[in-house]
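> File name run.txt; file contents compact mmCIF, N, CA and C atoms; full text below.
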```txt
# COMPACT_ATOMS: atom_id res chain seq x y z
N MET A 1 124.43 91.48 86.39
CA MET A 1 123.43 92.41 86.87
C MET A 1 122.58 91.74 87.93
N LYS A 2 122.48 92.33 89.08
CA LYS A 2 121.69 91.75 90.14
C LYS A 2 120.23 92.12 89.96
N ARG A 3 119.36 91.20 90.28
CA ARG A 3 117.93 91.45 90.22
C ARG A 3 117.47 91.85 91.61
N ARG A 4 116.82 92.99 91.69
CA ARG A 4 116.30 93.43 92.98
C ARG A 4 114.96 92.77 93.23
N VAL A 5 114.77 92.29 94.41
CA VAL A 5 113.52 91.65 94.77
C VAL A 5 112.87 92.45 95.88
N MET A 6 111.66 92.85 95.62
CA MET A 6 110.87 93.56 96.63
C MET A 6 110.00 92.53 97.29
N THR A 7 110.21 92.29 98.55
CA THR A 7 109.39 91.33 99.25
C THR A 7 108.34 92.08 100.03
N LEU A 8 107.13 91.93 99.60
CA LEU A 8 106.00 92.52 100.28
C LEU A 8 105.19 91.37 100.85
N LEU A 9 105.04 91.33 102.14
CA LEU A 9 104.33 90.22 102.73
C LEU A 9 102.90 90.59 103.02
N GLY A 10 102.01 89.76 102.55
CA GLY A 10 100.60 89.92 102.87
C GLY A 10 100.16 88.67 103.60
N VAL A 11 99.65 88.81 104.76
CA VAL A 11 99.26 87.65 105.54
C VAL A 11 97.75 87.65 105.67
N THR A 12 97.17 86.54 105.33
CA THR A 12 95.73 86.39 105.42
C THR A 12 95.40 85.21 106.30
N ALA A 13 94.53 85.38 107.21
CA ALA A 13 94.03 84.27 108.02
C ALA A 13 92.58 84.05 107.67
N CYS A 14 92.30 82.93 107.07
CA CYS A 14 90.92 82.57 106.76
C CYS A 14 90.49 81.53 107.78
N VAL A 15 89.54 81.86 108.56
CA VAL A 15 89.09 80.97 109.62
C VAL A 15 87.67 80.55 109.32
N ILE A 16 87.44 79.24 109.32
CA ILE A 16 86.08 78.75 109.16
C ILE A 16 85.76 77.82 110.31
N ALA A 17 84.53 77.79 110.70
CA ALA A 17 84.09 76.85 111.74
C ALA A 17 83.45 75.67 111.03
N VAL A 18 83.91 74.49 111.34
CA VAL A 18 83.37 73.27 110.77
C VAL A 18 82.60 72.56 111.87
N ALA A 19 81.30 72.58 111.78
CA ALA A 19 80.48 71.97 112.84
C ALA A 19 80.36 70.47 112.61
N PRO A 20 80.57 69.67 113.65
CA PRO A 20 80.38 68.23 113.53
C PRO A 20 78.90 67.92 113.37
N PHE A 21 78.59 66.67 113.04
CA PHE A 21 77.20 66.28 112.81
C PHE A 21 76.36 66.36 114.08
N ALA A 22 76.92 66.03 115.21
CA ALA A 22 76.16 66.11 116.46
C ALA A 22 76.15 67.56 116.92
N SER A 23 74.97 68.12 117.10
CA SER A 23 74.89 69.55 117.41
C SER A 23 75.39 69.87 118.80
N ALA A 24 75.48 68.89 119.69
CA ALA A 24 75.94 69.15 121.05
C ALA A 24 77.47 69.24 121.13
N ALA A 25 78.17 68.72 120.14
CA ALA A 25 79.63 68.73 120.17
C ALA A 25 80.16 70.11 119.79
N PRO A 26 81.30 70.50 120.33
CA PRO A 26 81.85 71.82 120.00
C PRO A 26 82.32 71.87 118.55
N ALA A 27 82.25 73.05 117.96
CA ALA A 27 82.72 73.24 116.60
C ALA A 27 84.25 73.30 116.59
N THR A 28 84.82 72.88 115.50
CA THR A 28 86.27 73.02 115.33
C THR A 28 86.50 74.09 114.27
N SER A 29 87.65 74.70 114.30
CA SER A 29 87.93 75.71 113.28
C SER A 29 89.23 75.36 112.57
N LYS A 30 89.29 75.74 111.33
CA LYS A 30 90.50 75.55 110.52
C LYS A 30 90.96 76.92 110.06
N GLN A 31 92.27 77.05 109.96
CA GLN A 31 92.83 78.34 109.60
C GLN A 31 93.91 78.17 108.55
N GLU A 32 94.03 79.16 107.69
CA GLU A 32 95.05 79.15 106.64
C GLU A 32 95.69 80.54 106.59
N ASN A 33 97.02 80.59 106.57
CA ASN A 33 97.76 81.85 106.46
C ASN A 33 98.64 81.78 105.23
N CYS A 34 98.54 82.80 104.38
CA CYS A 34 99.34 82.82 103.15
C CYS A 34 100.21 84.07 103.12
N ASN A 35 101.45 83.88 102.74
CA ASN A 35 102.40 84.99 102.59
C ASN A 35 102.66 85.19 101.11
N VAL A 36 102.75 86.45 100.72
CA VAL A 36 102.93 86.81 99.32
C VAL A 36 104.19 87.66 99.18
N SER A 37 105.03 87.35 98.19
CA SER A 37 106.15 88.22 97.85
C SER A 37 106.05 88.57 96.38
N VAL A 38 106.28 89.83 96.08
CA VAL A 38 106.19 90.35 94.71
C VAL A 38 107.56 90.89 94.31
N GLU A 39 108.09 90.39 93.20
CA GLU A 39 109.38 90.86 92.71
C GLU A 39 109.22 92.13 91.91
N TYR A 40 110.29 92.92 91.85
CA TYR A 40 110.33 94.06 90.95
C TYR A 40 110.24 93.56 89.51
N PRO A 41 109.70 94.36 88.60
CA PRO A 41 109.77 94.00 87.18
C PRO A 41 111.23 93.87 86.75
N HIS A 42 111.50 92.92 85.88
CA HIS A 42 112.86 92.67 85.41
C HIS A 42 112.80 91.92 84.08
N ARG A 43 113.93 91.82 83.42
CA ARG A 43 114.02 91.04 82.18
C ARG A 43 114.13 89.56 82.54
N SER A 44 113.39 88.75 81.82
CA SER A 44 113.40 87.31 82.07
C SER A 44 114.75 86.73 81.71
N LYS A 45 115.30 85.94 82.60
CA LYS A 45 116.53 85.21 82.31
C LYS A 45 116.23 83.87 81.66
N GLY A 46 115.02 83.37 81.83
CA GLY A 46 114.65 82.07 81.29
C GLY A 46 114.11 82.10 79.87
N ALA A 47 113.62 83.25 79.43
CA ALA A 47 113.07 83.37 78.08
C ALA A 47 114.13 83.97 77.16
N PRO A 48 114.35 83.38 75.99
CA PRO A 48 115.39 83.88 75.09
C PRO A 48 115.11 85.30 74.58
N ASP A 49 113.86 85.74 74.58
CA ASP A 49 113.52 87.07 74.05
C ASP A 49 113.68 88.18 75.09
N ARG A 50 114.05 87.83 76.33
CA ARG A 50 114.34 88.80 77.40
C ARG A 50 113.17 89.74 77.69
N ARG A 51 111.96 89.20 77.64
CA ARG A 51 110.76 89.98 77.94
C ARG A 51 110.81 90.52 79.37
N ILE A 52 109.99 91.51 79.64
CA ILE A 52 109.90 92.09 80.98
C ILE A 52 108.73 91.44 81.69
N LEU A 53 108.97 91.04 82.92
CA LEU A 53 107.94 90.37 83.71
C LEU A 53 108.19 90.60 85.19
N PHE A 54 107.27 90.12 86.01
CA PHE A 54 107.53 90.02 87.44
C PHE A 54 106.86 88.75 87.95
N LYS A 55 107.35 88.29 89.08
CA LYS A 55 106.83 87.06 89.69
C LYS A 55 106.19 87.39 91.02
N THR A 56 105.09 86.71 91.28
CA THR A 56 104.44 86.76 92.59
C THR A 56 104.54 85.35 93.16
N ARG A 57 105.07 85.23 94.36
CA ARG A 57 105.22 83.91 94.98
C ARG A 57 104.34 83.83 96.22
N VAL A 58 103.67 82.69 96.36
CA VAL A 58 102.73 82.50 97.47
C VAL A 58 103.10 81.23 98.23
N THR A 59 103.20 81.35 99.55
CA THR A 59 103.35 80.19 100.43
C THR A 59 102.23 80.25 101.45
N CYS A 60 101.77 79.08 101.88
CA CYS A 60 100.68 79.03 102.85
C CYS A 60 100.99 78.02 103.95
N THR A 61 100.52 78.32 105.12
CA THR A 61 100.61 77.40 106.26
C THR A 61 99.22 77.30 106.86
N GLY A 62 98.94 76.17 107.47
CA GLY A 62 97.64 76.04 108.12
C GLY A 62 97.15 74.61 108.18
N ASP A 63 95.84 74.50 108.26
CA ASP A 63 95.20 73.22 108.55
C ASP A 63 94.72 72.45 107.32
N PHE A 64 94.63 73.10 106.17
CA PHE A 64 94.20 72.41 104.95
C PHE A 64 95.43 71.86 104.24
N SER A 65 95.27 70.76 103.49
CA SER A 65 96.43 70.21 102.78
C SER A 65 96.83 71.08 101.59
N THR A 66 95.87 71.67 100.92
CA THR A 66 96.12 72.62 99.84
C THR A 66 95.06 73.71 99.88
N VAL A 67 95.39 74.84 99.31
CA VAL A 67 94.41 75.90 99.11
C VAL A 67 94.57 76.40 97.67
N THR A 68 93.50 76.88 97.12
CA THR A 68 93.55 77.48 95.79
C THR A 68 93.63 78.99 95.97
N VAL A 69 94.67 79.57 95.39
CA VAL A 69 94.90 81.01 95.50
C VAL A 69 94.80 81.61 94.11
N HIS A 70 94.05 82.70 94.01
CA HIS A 70 93.91 83.43 92.75
C HIS A 70 94.70 84.73 92.86
N ILE A 71 95.56 84.97 91.86
CA ILE A 71 96.35 86.20 91.80
C ILE A 71 96.06 86.92 90.49
N ASP A 72 95.70 88.20 90.59
CA ASP A 72 95.61 89.08 89.42
C ASP A 72 96.84 89.96 89.44
N GLY A 73 97.60 89.96 88.36
CA GLY A 73 98.80 90.77 88.28
C GLY A 73 98.69 91.81 87.18
N GLU A 74 99.27 92.98 87.41
CA GLU A 74 99.32 94.03 86.40
C GLU A 74 100.72 94.60 86.34
N LEU A 75 101.24 94.70 85.14
CA LEU A 75 102.51 95.37 84.89
C LEU A 75 102.17 96.77 84.39
N LEU A 76 102.56 97.78 85.17
CA LEU A 76 102.25 99.16 84.83
C LEU A 76 103.48 99.83 84.26
N GLU A 77 103.27 100.66 83.23
CA GLU A 77 104.36 101.44 82.66
C GLU A 77 104.08 102.91 82.94
N GLY A 78 105.13 103.63 83.37
CA GLY A 78 105.01 105.05 83.65
C GLY A 78 106.02 105.44 84.70
N GLY A 79 106.45 106.69 84.66
CA GLY A 79 107.48 107.18 85.57
C GLY A 79 107.06 107.17 87.02
N PRO A 80 108.01 107.39 87.92
CA PRO A 80 107.73 107.33 89.36
C PRO A 80 106.66 108.32 89.81
N ASN A 81 106.57 109.48 89.15
CA ASN A 81 105.62 110.50 89.58
C ASN A 81 104.52 110.77 88.57
N GLY A 82 104.54 110.06 87.46
CA GLY A 82 103.55 110.33 86.41
C GLY A 82 102.44 109.30 86.37
N LYS A 83 101.60 109.46 85.36
CA LYS A 83 100.50 108.53 85.13
C LYS A 83 101.06 107.17 84.72
N LYS A 84 100.41 106.13 85.19
CA LYS A 84 100.82 104.77 84.85
C LYS A 84 99.68 104.09 84.08
N VAL A 85 100.07 103.27 83.11
CA VAL A 85 99.08 102.52 82.35
C VAL A 85 99.41 101.04 82.40
N VAL A 86 98.38 100.21 82.37
CA VAL A 86 98.57 98.76 82.37
C VAL A 86 99.03 98.34 80.98
N VAL A 87 100.20 97.70 80.90
CA VAL A 87 100.72 97.24 79.61
C VAL A 87 100.67 95.71 79.48
N ALA A 88 100.47 95.01 80.58
CA ALA A 88 100.33 93.55 80.55
C ALA A 88 99.67 93.12 81.85
N SER A 89 99.01 91.97 81.78
CA SER A 89 98.33 91.49 82.98
C SER A 89 98.29 89.96 83.00
N SER A 90 97.83 89.45 84.12
CA SER A 90 97.63 88.01 84.27
C SER A 90 96.51 87.79 85.28
N SER A 91 95.87 86.65 85.18
CA SER A 91 94.82 86.28 86.12
C SER A 91 94.84 84.76 86.21
N LEU A 92 95.29 84.25 87.36
CA LEU A 92 95.53 82.81 87.45
C LEU A 92 95.22 82.28 88.83
N SER A 93 94.54 81.13 88.87
CA SER A 93 94.31 80.40 90.11
C SER A 93 95.18 79.15 90.09
N GLN A 94 95.88 78.90 91.19
CA GLN A 94 96.72 77.70 91.31
C GLN A 94 96.57 77.12 92.71
N GLN A 95 96.79 75.83 92.81
CA GLN A 95 96.80 75.20 94.13
C GLN A 95 98.15 75.42 94.78
N VAL A 96 98.10 75.79 96.05
CA VAL A 96 99.31 75.98 96.84
C VAL A 96 99.31 74.90 97.90
N ILE A 97 100.39 74.13 97.98
CA ILE A 97 100.50 73.07 98.99
C ILE A 97 100.80 73.72 100.33
N THR A 98 99.93 73.47 101.28
CA THR A 98 100.11 74.03 102.61
C THR A 98 101.36 73.46 103.26
N ASN A 99 102.13 74.33 103.89
CA ASN A 99 103.39 73.97 104.55
C ASN A 99 104.42 73.43 103.56
N GLY A 100 104.29 73.83 102.29
CA GLY A 100 105.23 73.42 101.25
C GLY A 100 105.97 74.62 100.70
N GLY A 101 106.57 74.44 99.56
CA GLY A 101 107.33 75.52 98.92
C GLY A 101 106.41 76.52 98.24
N PRO A 102 107.00 77.57 97.69
CA PRO A 102 106.18 78.62 97.08
C PRO A 102 105.60 78.20 95.73
N GLN A 103 104.45 78.76 95.42
CA GLN A 103 103.84 78.63 94.09
C GLN A 103 104.08 79.97 93.38
N THR A 104 104.52 79.92 92.13
CA THR A 104 104.89 81.13 91.41
C THR A 104 103.84 81.49 90.37
N TYR A 105 103.50 82.77 90.33
CA TYR A 105 102.56 83.34 89.36
C TYR A 105 103.35 84.35 88.52
N TYR A 106 103.26 84.26 87.20
CA TYR A 106 104.00 85.15 86.30
C TYR A 106 103.08 86.21 85.71
N THR A 107 103.57 87.45 85.68
CA THR A 107 102.87 88.53 85.00
C THR A 107 103.86 89.20 84.06
N PRO A 108 103.54 89.27 82.76
CA PRO A 108 102.35 88.74 82.12
C PRO A 108 102.40 87.22 82.02
N SER A 109 101.24 86.60 81.80
CA SER A 109 101.23 85.15 81.62
C SER A 109 101.96 84.83 80.32
N THR A 110 102.47 83.63 80.20
CA THR A 110 103.26 83.26 79.02
C THR A 110 102.44 83.34 77.73
N SER A 111 101.13 83.18 77.83
CA SER A 111 100.28 83.26 76.63
C SER A 111 99.73 84.67 76.40
N GLY A 112 100.02 85.60 77.31
CA GLY A 112 99.49 86.95 77.19
C GLY A 112 100.41 87.88 76.42
N HIS A 113 99.99 89.14 76.33
CA HIS A 113 100.77 90.18 75.67
C HIS A 113 102.10 90.36 76.40
N GLN A 114 103.21 90.35 75.66
CA GLN A 114 104.54 90.48 76.25
C GLN A 114 105.06 91.90 76.08
N VAL A 115 105.94 92.30 76.98
CA VAL A 115 106.51 93.65 76.98
C VAL A 115 108.02 93.53 76.82
N TYR A 116 108.58 94.34 75.92
CA TYR A 116 110.01 94.26 75.62
C TYR A 116 110.75 95.58 75.79
N ALA A 117 110.05 96.71 75.71
CA ALA A 117 110.69 98.02 75.69
C ALA A 117 111.22 98.42 77.05
N ALA A 118 112.43 98.98 77.06
CA ALA A 118 112.97 99.53 78.30
C ALA A 118 112.07 100.67 78.77
N GLY A 119 112.00 100.84 80.08
CA GLY A 119 111.17 101.92 80.61
C GLY A 119 110.94 101.77 82.09
N TRP A 120 110.09 102.64 82.61
CA TRP A 120 109.73 102.64 84.03
C TRP A 120 108.53 101.72 84.25
N TYR A 121 108.68 100.76 85.18
CA TYR A 121 107.63 99.77 85.41
C TYR A 121 107.35 99.58 86.91
N THR A 122 106.11 99.22 87.17
CA THR A 122 105.65 98.93 88.53
C THR A 122 104.89 97.61 88.48
N ALA A 123 105.10 96.76 89.48
CA ALA A 123 104.38 95.49 89.60
C ALA A 123 103.25 95.66 90.62
N VAL A 124 102.06 95.18 90.25
CA VAL A 124 100.91 95.22 91.15
C VAL A 124 100.28 93.83 91.16
N ALA A 125 100.00 93.30 92.34
CA ALA A 125 99.35 92.00 92.46
C ALA A 125 98.23 92.09 93.49
N ASP A 126 97.15 91.39 93.20
CA ASP A 126 95.97 91.36 94.07
C ASP A 126 95.61 89.89 94.24
N GLY A 127 95.40 89.44 95.47
CA GLY A 127 95.17 88.02 95.68
C GLY A 127 94.04 87.68 96.62
N GLU A 128 93.52 86.46 96.44
CA GLU A 128 92.53 85.93 97.36
C GLU A 128 92.60 84.41 97.38
N ILE A 129 92.27 83.85 98.52
CA ILE A 129 92.10 82.40 98.63
C ILE A 129 90.69 82.11 98.12
N VAL A 130 90.56 81.17 97.18
CA VAL A 130 89.25 80.88 96.61
C VAL A 130 88.72 79.51 97.02
N ALA A 131 89.55 78.63 97.55
CA ALA A 131 89.08 77.31 98.01
C ALA A 131 90.11 76.75 98.98
N PRO A 132 89.73 76.00 99.95
CA PRO A 132 88.39 75.48 100.23
C PRO A 132 87.44 76.51 100.86
N VAL A 133 87.95 77.67 101.18
CA VAL A 133 87.12 78.75 101.71
C VAL A 133 87.63 80.04 101.10
N ARG A 134 86.76 81.01 100.91
CA ARG A 134 87.17 82.28 100.30
C ARG A 134 87.71 83.22 101.37
N GLY A 135 88.73 83.97 100.98
CA GLY A 135 89.27 84.97 101.88
C GLY A 135 90.17 85.95 101.14
N ALA A 136 89.94 87.24 101.34
CA ALA A 136 90.76 88.26 100.70
C ALA A 136 92.16 88.21 101.28
N MET A 137 93.16 88.37 100.43
CA MET A 137 94.55 88.38 100.88
C MET A 137 95.12 89.78 100.87
N GLY A 138 94.77 90.59 99.89
CA GLY A 138 95.27 91.96 99.85
C GLY A 138 95.80 92.33 98.48
N LYS A 139 96.38 93.52 98.43
CA LYS A 139 96.95 94.06 97.19
C LYS A 139 98.33 94.57 97.51
N TRP A 140 99.28 94.32 96.58
CA TRP A 140 100.68 94.69 96.79
C TRP A 140 101.19 95.42 95.56
N GLN A 141 102.08 96.38 95.78
CA GLN A 141 102.66 97.15 94.69
C GLN A 141 104.12 97.43 95.00
N THR A 142 104.98 97.23 94.00
CA THR A 142 106.39 97.55 94.17
C THR A 142 106.61 99.03 93.90
N GLN A 143 107.80 99.49 94.19
CA GLN A 143 108.19 100.82 93.76
C GLN A 143 108.37 100.80 92.25
N THR A 144 108.28 101.94 91.63
CA THR A 144 108.50 102.05 90.19
C THR A 144 110.01 102.07 89.94
N ILE A 145 110.46 101.19 89.03
CA ILE A 145 111.89 101.11 88.73
C ILE A 145 112.10 101.16 87.22
N PHE A 146 113.31 101.54 86.82
CA PHE A 146 113.65 101.56 85.41
C PHE A 146 114.24 100.21 85.02
N VAL A 147 113.67 99.60 83.99
CA VAL A 147 114.19 98.34 83.46
C VAL A 147 114.86 98.66 82.12
N LYS A 148 116.16 98.32 82.03
CA LYS A 148 116.93 98.61 80.80
C LYS A 148 116.56 97.67 79.68
```
Can you dump the structure from the file as structure tokens?

Amino acid sequence: MKRRVMTLLGVTACVIAVAPFASAAPATSKQENCNVSVEYPHRSKGAPDRRILFKTRVTCTGDFSTVTVHIDGELLEGGPNGKKVVVASSSLSQQVITNGGPQTYYTPSTSGHQVYAAGWYTAVADGEIVAPVRGAMGKWQTQTIFVK
């Protein structure tokens, strides 16, 4: 069974001006751009209980060596056209190495409420850079799909 991956890219540029100590010298600016991809909900291949989850992956490029990114994830249950309810969530801050590989965020978190029942699910992720400077990244949502 192939796993469908919905890649939703959110690009954030956080620009800060860092003024040198001498007030006559020009200010320099640093910038950070982060890309986000959100997978469709699917059954875990790594967990023996085959729970339903989705992954949010974040990569960043820019002038800082690392940035701290906070991702809030929600797994929604409900049909494509009906009301949806949150059945699991996650809220996690992790350091992302700039110009490195992706950092993965799992929803639900491994210590949180797990979901096992087949049904219609939607993945929603909301992110922000929290350090070394704050910056909103955006909100992403996959299409609603049926997970067997």
> Extract, using all atoms listed in the file, all DNA, RNA and protein residues at most 7 Å from Val87 in chain A, discarding same-chain residues fewer than 4 positions from it, and format them as a list in words.
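With the cut-off at 7 Å, the set is Glu74, Leu75, Leu76, Glu77, His113, Gln114 and Val115 of chain A.
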> Would you tabulate, counting only C-alpha atoms, all residues of range 29-82 of chain A that have an atom at most 9 Å from an atom of range 91-105 of chain A, showing the closest pair of atoms and their distance in Å to one decimal, sorted by chain then ascending number, as a tab-separated table?

```
residue	atom	partner	partner_atom	distance
A:Glu32	CA	A:Thr98	CA	8.2
A:Cys34	CA	A:Thr98	CA	8.8
A:Phe54	CA	A:Tyr105	CA	8.5
A:Lys55	CA	A:Tyr105	CA	5.7
A:Thr56	CA	A:Tyr105	CA	5.1
A:Arg57	CA	A:Thr104	CA	4.5
A:Val58	CA	A:Pro102	CA	5.2
A:Thr59	CA	A:Pro102	CA	4.7
A:Cys60	CA	A:Thr98	CA	5.0
A:Thr61	CA	A:Asn99	CA	4.7
A:Gly62	CA	A:Thr98	CA	6.4
A:Asp63	CA	A:Thr98	CA	7.7
A:Phe64	CA	A:Thr98	CA	6.6
A:Ser65	CA	A:Thr98	CA	5.3
A:Thr66	CA	A:Ile97	CA	4.5
A:Val67	CA	A:Val96	CA	5.4
A:Thr68	CA	A:Gln95	CA	4.3
A:Val69	CA	A:Ser93	CA	5.5
A:His70	CA	A:Ser93	CA	4.0
A:Ile71	CA	A:Leu92	CA	5.6
A:Asp72	CA	A:Ser91	CA	4.4
A:Gly73	CA	A:Ser91	CA	6.4
A:Glu74	CA	A:Ser91	CA	9.0
```
> Write out as a list in words all residues of range 26-70 of chain A that DSSP puts in strand (DSSP E) for this structure's backbone.
Thr28, Ser29, Lys30, Gln31, Glu32, Asn33, Cys34, Asn35, Val36, Ser37, Val38, His42, Arg43, Ile52, Leu53, Phe54, Lys55, Thr56, Arg57, Val58, Thr59, Cys60, Thr61, Gly62, Thr66, Val67, Thr68, Val69 and His70 of chain A
> Residues within 6.5 Å of Arg50 in chain A, please, as a PDB file with N, CA and C atoms, keeping the file's coordinate frame. Count all atoms listed in the file; anything in the same chain fewer than 6 positions from it doesn't count.

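File produced: selection-v9.pdb:
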```pdb
ATOM      1  N   ARG A  43     113.930  91.820  83.420  1.00  0.00           N
ATOM      2  CA  ARG A  43     114.020  91.040  82.180  1.00  0.00           C
ATOM      3  C   ARG A  43     114.130  89.560  82.540  1.00  0.00           C
ATOM      4  N   SER A  44     113.390  88.750  81.820  1.00  0.00           N
ATOM      5  CA  SER A  44     113.400  87.310  82.070  1.00  0.00           C
ATOM      6  C   SER A  44     114.750  86.730  81.710  1.00  0.00           C
ATOM      7  N   VAL A 115     105.940  92.300  76.980  1.00  0.00           N
ATOM      8  CA  VAL A 115     106.510  93.650  76.980  1.00  0.00           C
ATOM      9  C   VAL A 115     108.020  93.530  76.820  1.00  0.00           C
ATOM     10  N   TYR A 116     108.580  94.340  75.920  1.00  0.00           N
ATOM     11  CA  TYR A 116     110.010  94.260  75.620  1.00  0.00           C
ATOM     12  C   TYR A 116     110.750  95.580  75.790  1.00  0.00           C
TER      13      TYR A 116
END
```
> Would you pick out the contacts of Val147 in chain A at 8 Å or less, using only C-alpha atoms, so that residues sharing its chain but fewer than 2 positions from it are not included, and give the list as a list in words?
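Close residues of Val147 in chain A: Pro41, His42, Arg43, Ile52, Ala118, Gly119, Trp120, Tyr121 and Ile145 of chain A.
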> Hey, can you check how far atom C of Pro48 in chain A sits from atom C of Ala125 in chain A?
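Pair atom C of Pro48 in chain A / atom C of Ala125 in chain A returns 26.2 Å.
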> Please report the interatomic distance between atom C of Glu39 in chain A and atom N of Ala117 in chain A in Å with one decimal.
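Computing it gives 16.9 Å between the two atoms.
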> Report, in Å to a single decimal, how far apart CA of Gly135 in chain A and CA of Ser111 in chain A are.
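Between these atoms lies a distance of 27.6 Å.
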> Identify which of the residues A:Lys83, A:Ala136, A:Asn35, A:Gln143 lies closest to Ala123 in chain A, counting only N, CA and C atoms when measuring atom-to-atom distances.
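Of the candidates, the smallest distance to Ala123 in chain A is held by A:Gln143.
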> Find the residue from A:Ser90, A:Lys84, A:Ala131, A:Thr142 that sits nearest to Thr110 in chain A; use all atoms listed in the file when measuring.
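Selected residue with least distance to Thr110 in chain A: A:Ser90.
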> Every residue with an atom at most 6.5 Å from (92.9, 87.8, 99.5) (file coordinates; all atoms listed in the file) is what I'm after, so could you write them as a VMD selection string?
chain A and resid 126 to 129 135 to 138
